[in-house]
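Here the structure comes first, spelled out in structure tokens, and everything after it is commentary.
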Amino acid sequence: MNNTKAMKRIDIVIGEEKFDNLIELLSENKIRGYSVLRKIGGLGSRGFRSPYDILMQEENVLVVVVCEIDPAENLIKSIQPKLKDFGGMCLVSDCLWVEGPPISY
Amino acid sequence: MNNTKAMKRIDIVIGEEKFDNLIELLSENKIRGYSVLRKIGGLGSRGFRSPYDILMQEENVLVVVVCEIDPAENLIKSIQPKLKDFGGMCLVSDCLWVEGPPISY
Amino acid sequence: MNNTKAMKRIDIVIGEEKFDNLIELLSENKIRGYSVLRKIGGLGSRGFRSPYDILMQEENVLVVVVCEIDPAENLIKSIQPKLKDFGGMCLVSDCLWVEGPPISY
Amino acid sequence: MATIQPVVFFFVLGVLAGVVKSDLKIPEALYKSLSIFLLIAIGFKGGVSMAKYDIMEVLPIASAMVVLAAMVPLTAYPILRFVGKFSQADAGSISAHYGSVSAVTFAVGVAYLANINQTSEGYMALIMALMEIPALVTGVILAKAGANKAEGEKTQWGKLLHEILTGTSLILLIGGVIIGYYAGVTNNVAPLDKMYMDLFMGVLALFLLEMGLLASARLKAVLEKGVFIVAFGILFPLTAGLFGAYVGWYFQLSPGGTMLLAVLYASCSYIAAPAAMRIAVPEADPAVSIGASLGVTFPFNIFVGVPIYWQMAEWFHSIPLD
Amino acid sequence: MATIQPVVFFFVLGVLAGVVKSDLKIPEALYKSLSIFLLIAIGFKGGVSMAKYDIMEVLPIASAMVVLAAMVPLTAYPILRFVGKFSQADAGSISAHYGSVSAVTFAVGVAYLANINQTSEGYMALIMALMEIPALVTGVILAKAGANKAEGEKTQWGKLLHEILTGTSLILLIGGVIIGYYAGVTNNVAPLDKMYMDLFMGVLALFLLEMGLLASARLKAVLEKGVFIVAFGILFPLTAGLFGAYVGWYFQLSPGGTMLLAVLYASCSYIAAPAAMRIAVPEADPAVSIGASLGVTFPFNIFVGVPIYWQMAEWFHSIPLD
Amino acid sequence: MATIQPVVFFFVLGVLAGVVKSDLKIPEALYKSLSIFLLIAIGFKGGVSMAKYDIMEVLPIASAMVVLAAMVPLTAYPILRFVGKFSQADAGSISAHYGSVSAVTFAVGVAYLANINQTSEGYMALIMALMEIPALVTGVILAKAGANKAEGEKTQWGKLLHEILTGTSLILLIGGVIIGYYAGVTNNVAPLDKMYMDLFMGVLALFLLEMGLLASARLKAVLEKGVFIVAFGILFPLTAGLFGAYVGWYFQLSPGGTMLLAVLYASCSYIAAPAAMRIAVPEADPAVSIGASLGVTFPFNIFVGVPIYWQMAEWFHSIPLD
Ligand SMILES: Nc1ncnc2c1ncn2[C@@H]1O[C@H](COP(=O)(O)O)[C@@H](O)[C@H]1O
Ligand SMILES: Nc1ncnc2c1ncn2[C@@H]1O[C@H](COP(=O)(O)O)[C@@H](O)[C@H]1O
Ligand SMILES: Nc1ncnc2c1ncn2[C@@H]1O[C@H](COP(=O)(O)O)[C@@H](O)[C@H]1O
Ligand code: NA
Ligand code: NA
Ligand code: NA
């Protein structure tokens, strides 16, 4: 497609309690743009976190980072050793960034 | 990319009232990991569900399942006949799972 | 995969204050289905919007549009000139729509 | 006539905030919390004052008033269908909205009575809770009767009845009535009244503020639908209120109770009815019914209607019954 | 025996709403706001009435009652492990839940006393706040002692202690006690009591409504686990309550205070304990412990237990101490 | 000097909870609900007591005090720019924050007066509502005047004025004043006071708890910015307060009103000003201004400032005016 740029999209789901650590890691990697979605439930190796259960107080966070291919690889490399502690999941996929907005990647 | 594994990502958006049915279906399919996002608005065949309208009490749920290619195909097969009743949408796309965290797929 | 249809998925993240403009643009483009996620934080060219900070009152909205390839290209074309004003980001990626639910694209 | 109560000006404040596009927003959780509070409080208060009545005497009268409430949608339907030219589905759905009730309009009526030092029968809260049943069922029958059903499209009566009978407002109102009744009979009202009676007006104020914000957003949509629906939203409740006042007087309610029955017949729903119609008559357009209900009739009732219904009640009561 | 207080029927209402699958939902923000309110109010009220005591005299007695509370999980564990055949982790975790306390059960006890015009020692709120510490620590030791640890699995004592000592309930209860004490001593209770004392019962009612909804969802899960855990959920609190009543009487608490100590020993946690166990004993299954606590013991305590603990307190106090 | 009021210790409790990293969290919806309540309550209470005044007499004095408030940012700016070496944008933005007001600090002042049995002019609430206008406009002018504008960068005056004039706090305060005034004049205060007057202090307590949590998170950021901004955050409000006390005394306010004017001049905004500056001066760094305002000046004012402003008011009033 015209006026688009091939980029990597990284989706990370982790427990809320690790959010600060992840953000720090992103800023060490000089990531200049990401989105954060809160109050996410789910099933994983640590069991079910119901998004409807108000007694269970654990929630997940989804952080979506879109960046160029090189920084993406570097980010993956520096995230990978921490994933065991973070839990959750980390996905990489391809996308096209529609050019136009101020560059925040 | 190194240390990654090719997987399928399935995004399902349905009305909240069908959530329990969907979860049951996932567990029948032995899905071991998914994420749930609540309070989603949208436009679909049943009209507009505004995420800002506090009188409209219907909300959608987005369930993201990441799994290996075989279970993904099985899941799709068993979800498809129910989609008419569920409404909403069901997408499949490709992604890479960054290895490291406890396996929850 | 059987019973699926190749589609485009467009992810748009913008400030809440531009939401109405975006929805108008979608309906001008005769888009018949989208999902809206609210209360999204993030980092971008306008700085950090913490999803945990209750004093900061700005939030982002994520709108996901899934549609056929032609309308997607048209949508991109008509969105692009407005992106500078909208800020945020606009991504395009490929996906398969699992057939079955009432067609809302 | 009494002065307008301060509490309704909170509605005006909400409308103004909406019109000038203020960034004022009532959190959704607050809105829901306030409605839970109001429903419990209305039920509880009613139950406490029901403790003074003999239930066996009350039930038949109350049932009659509930059943007669079905007249409201039955009257609304032909007007909407044949004068207003609405589709069968829309006419049925709007009828159901106007047959059903608005707990907040009722609350404004109660506040009005308190203001002019009038009392009313406690079981009006119970009547309000039950009135939704015939109204919604009648509305759905009107919307569906004789219509050619497309293949696979069956009215989900089971689901609908479940929705009506287990709806938040019915559960909380009736629960509040029973607990209030029990508290009244066992002389245990005392510590609960600080919250569910003393704070009633203050909570109503906040709720009306929110209603104003919501109404200002809806009014535009309904004005676009033309003058008929606006006229209907004003004239129909007056008629229904007159009928309610007549029924109340006929069953020898106190003037206060008569006025509240008029308010119930005249008021219309913007919460329970939309939810039920979405299930039973999904082909109806909620924008019209909610817009007329919330954008036109609700403000009309709380400002102009309530004092008029009181006049009607007084007027009937000036007629010697025997 | 006094009549059942109206407030507990809000719990029944919540259970019923859950059972009939009503669309009634208490917003999460309301649930959290109400618990913040209740914790502050319980602490504040306790602090105000503590202002009448000499703290130096109170502290040793209070400490003794807190330390003795560790007996509760120590007794629960062998029953769960060897009679109930639970795994070490589950038995430890459930023990911690039953050793810990439920502020809402305590609140129902306080309401019961108010209803029968009995007073109690203000420092019971302080004891409640502190009791969680020995209960949770003992529970974790039981769950872990002697177990073969898999590589890399170390009990995170630091994190656990931090979780316990800075948990919401401990912070708000102790904060409330101190501020209430200060307000009492400086004669400044006046404007705060309108909220934290007068509204207590009304807020408790709303909270119990929510608890009913939650309990109805949990009960099913626990019933599936078999009859043992249900029997445990009823018989164990009776035993713990008896022990609490004995300890209270031994330390010469008033009858009201004796009953509240019985309530504390008998009640079990469904908020603080699950949070702590998730950190310290992640291999335990929370469905059993929360289910038993919320689905069985909590309703048992507020309906049947509280009056019985009062009987126990009266019974002990009919024994001459010297 | 009076003892410190218990209510401010809720702020300390919140700070402590933040410092020990407690899991205590105030739901966002509660925070927003409490601020809506406080703004309405402050306005309403002011309106009720304004009903005793002749509005035509009050308006010119009130306007003068509002206009004179523009002196506050005009004084702050050169200090910040030339002593503090802040950029023009930052100096202008911080000036706007300090020229603007904090409704919660005002509420603590009102509570202080109630505590020492002093009254004040009801129209102070109106002054508070209006003061934001000159403060924010002046701040933006200072931030922008003479600066070379990059291409396409125009101050969005229209948007800014809209934001200021339709902001939540202005709408709710003025709405509350008008409704309170109407209730006062028509003798209809009665049922609303149970909520908006009696519960004021209890709600303020909860709000201060939240403010403490927020302030503890902000303080760290501001301490990193160095000693100047901390000193400014303490010394500047003292100066502004002195000026306010002088103006109040000059216009012959009561001692209580004089003190409240000092509080208004001395307090600074952490809600309305940040929102306005984000639109008008996006290049300013909000971390400094909110940090100084919430982390330094707010706690200073509620603990130390308020009693000092009362001393100032008393001191001026010991001077014979004629
Ligand atoms: N590279 C990126 N990856 C993910 N989200 C982004 C990215 N850039 C911007 N965003 C999102 O878009 C919002 C607005 O961006 P901006 O207008 O550039 O401040 C941010 O707060 C993020 O939520
Ligand atoms: N296969 C998966 N697909 C989607 N989400 C997942 C998957 N595995 C884990 N998650 C998410 O990550 C969270 C934490 O995972 P875990 O640490 O493995 O319990 C879960 O609660 C899910 O929200
Ligand atoms: N084409 C689409 N793109 C994105 N989301 C969609 C699309 N179609 C439907 N949805 C989502 O699915 C929900 C339910 O769809 P429906 O059952 O068709 O009304 C909508 O409210 C949207 O959130
Ligand atoms: Na009606
Ligand atoms: Na216990
Ligand atoms: Na100021």
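FYI, nothing fancy with the structure tokens labels: chains A, B, ... in order, residues from 1 per chain, ligands from 1 as they appear.
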
Notebook entry, point to check: Which protein, DNA or RNA residues have an atom within 8 Å of ligand 4, counting only C-alpha atoms and all ligand atoms, as a list in words?
Noted result: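 Here is the list of contacting residues: Ala69, Val72, His97, Tyr98, Gly99, Ser100, Val101, Ser102, Pro237, Ala240, Val263, Leu264, Tyr265, Ala266, Ser267, Cys268 and Ser269 of chain D.
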
Using N, CA, C and O atoms, can you export the residues from the last selection as a compact mmCIF listing (two decimals), in the first residue's frame?
# COMPACT_ATOMS: atom_id res chain seq x y z
N ALA D 69 -52.96 -0.44 34.44
CA ALA D 69 -51.84 0.26 33.80
C ALA D 69 -51.63 -0.23 32.37
O ALA D 69 -51.04 0.47 31.54
N VAL D 72 -52.50 2.00 29.40
CA VAL D 72 -51.62 3.06 28.90
C VAL D 72 -50.98 2.67 27.56
O VAL D 72 -51.15 3.39 26.57
N HIS D 97 -42.52 1.71 26.40
CA HIS D 97 -41.79 2.72 27.18
C HIS D 97 -42.76 3.60 27.98
O HIS D 97 -42.52 3.90 29.14
N TYR D 98 -43.87 4.01 27.34
CA TYR D 98 -44.78 4.93 28.02
C TYR D 98 -45.69 4.19 29.00
O TYR D 98 -46.19 4.80 29.95
N GLY D 99 -45.89 2.90 28.80
CA GLY D 99 -46.64 2.14 29.78
C GLY D 99 -45.82 1.86 31.03
O GLY D 99 -46.33 1.82 32.14
N SER D 100 -44.53 1.73 30.83
CA SER D 100 -43.62 1.47 31.93
C SER D 100 -43.39 2.78 32.71
O SER D 100 -43.98 3.81 32.41
N VAL D 101 -42.57 2.73 33.75
CA VAL D 101 -42.46 3.88 34.63
C VAL D 101 -41.02 4.35 34.79
O VAL D 101 -40.08 3.64 34.46
N SER D 102 -40.88 5.55 35.33
CA SER D 102 -39.56 6.10 35.63
C SER D 102 -39.47 6.32 37.14
O SER D 102 -40.19 7.13 37.71
N PRO D 237 -48.50 11.93 28.14
CA PRO D 237 -48.42 11.78 29.61
C PRO D 237 -49.52 12.56 30.33
O PRO D 237 -49.99 12.10 31.38
N ALA D 240 -52.45 10.22 30.12
CA ALA D 240 -52.23 9.05 30.98
C ALA D 240 -52.30 9.47 32.45
O ALA D 240 -52.83 8.73 33.30
N VAL D 263 -48.61 10.11 38.37
CA VAL D 263 -47.21 10.21 37.96
C VAL D 263 -46.75 8.88 37.34
O VAL D 263 -46.08 8.86 36.30
N LEU D 264 -47.13 7.77 37.97
CA LEU D 264 -46.71 6.47 37.45
C LEU D 264 -47.27 6.22 36.06
O LEU D 264 -46.55 5.80 35.15
N TYR D 265 -48.56 6.48 35.88
CA TYR D 265 -49.17 6.27 34.56
C TYR D 265 -48.54 7.23 33.53
O TYR D 265 -48.36 6.88 32.37
N ALA D 266 -48.22 8.43 33.95
CA ALA D 266 -47.72 9.45 33.02
C ALA D 266 -46.24 9.30 32.70
O ALA D 266 -45.79 9.71 31.63
N SER D 267 -45.49 8.73 33.64
CA SER D 267 -44.04 8.69 33.44
C SER D 267 -43.67 7.57 32.48
O SER D 267 -44.45 6.66 32.25
N CYS D 268 -42.49 7.64 31.92
CA CYS D 268 -42.10 6.56 31.02
C CYS D 268 -40.65 6.16 31.25
O CYS D 268 -39.84 6.90 31.76
N SER D 269 -40.35 4.98 30.84
CA SER D 269 -39.11 4.30 31.17
C SER D 269 -37.99 4.65 30.20
O SER D 269 -38.22 4.84 29.01

Note to self: If the cut-off is 12 Å, can you tell me the residues of chain E near chain D, counting only C-alpha atoms? I'd like them as a PyMOL selection string.
What the structure shows: chain E and resi 2-34+111-112+114-116+193-207+209-210

Next item on the list: Give the residue list for ligand 6 at 12 Å, counting only C-alpha atoms and all ligand atoms, as a ChimeraX atom specification, sorted by chain and then by residue number.
Entry: /F:66,68-76,94-103,105-106,127-136,139,233,236-244,260-270,273,293,297-298,301

Next item on the list: Would you list, as a VMD selection string, the residues of chain A that end up in strand (DSSP E) under DSSP run on this structure's backbone?
Entry: chain A and resid 4 to 15 34 to 44 47 to 49 60 to 67 89 to 98

Margin query: Let me make sure I understand: among A:Ser50, A:Asn21, A:Asn29, A:Asn3, which one has the smallest atom-to-atom distance to Phe86 of chain A if we use only C-alpha atoms?
Written below: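 Closest to Phe86 of chain A of all the choices is A:Asn21.
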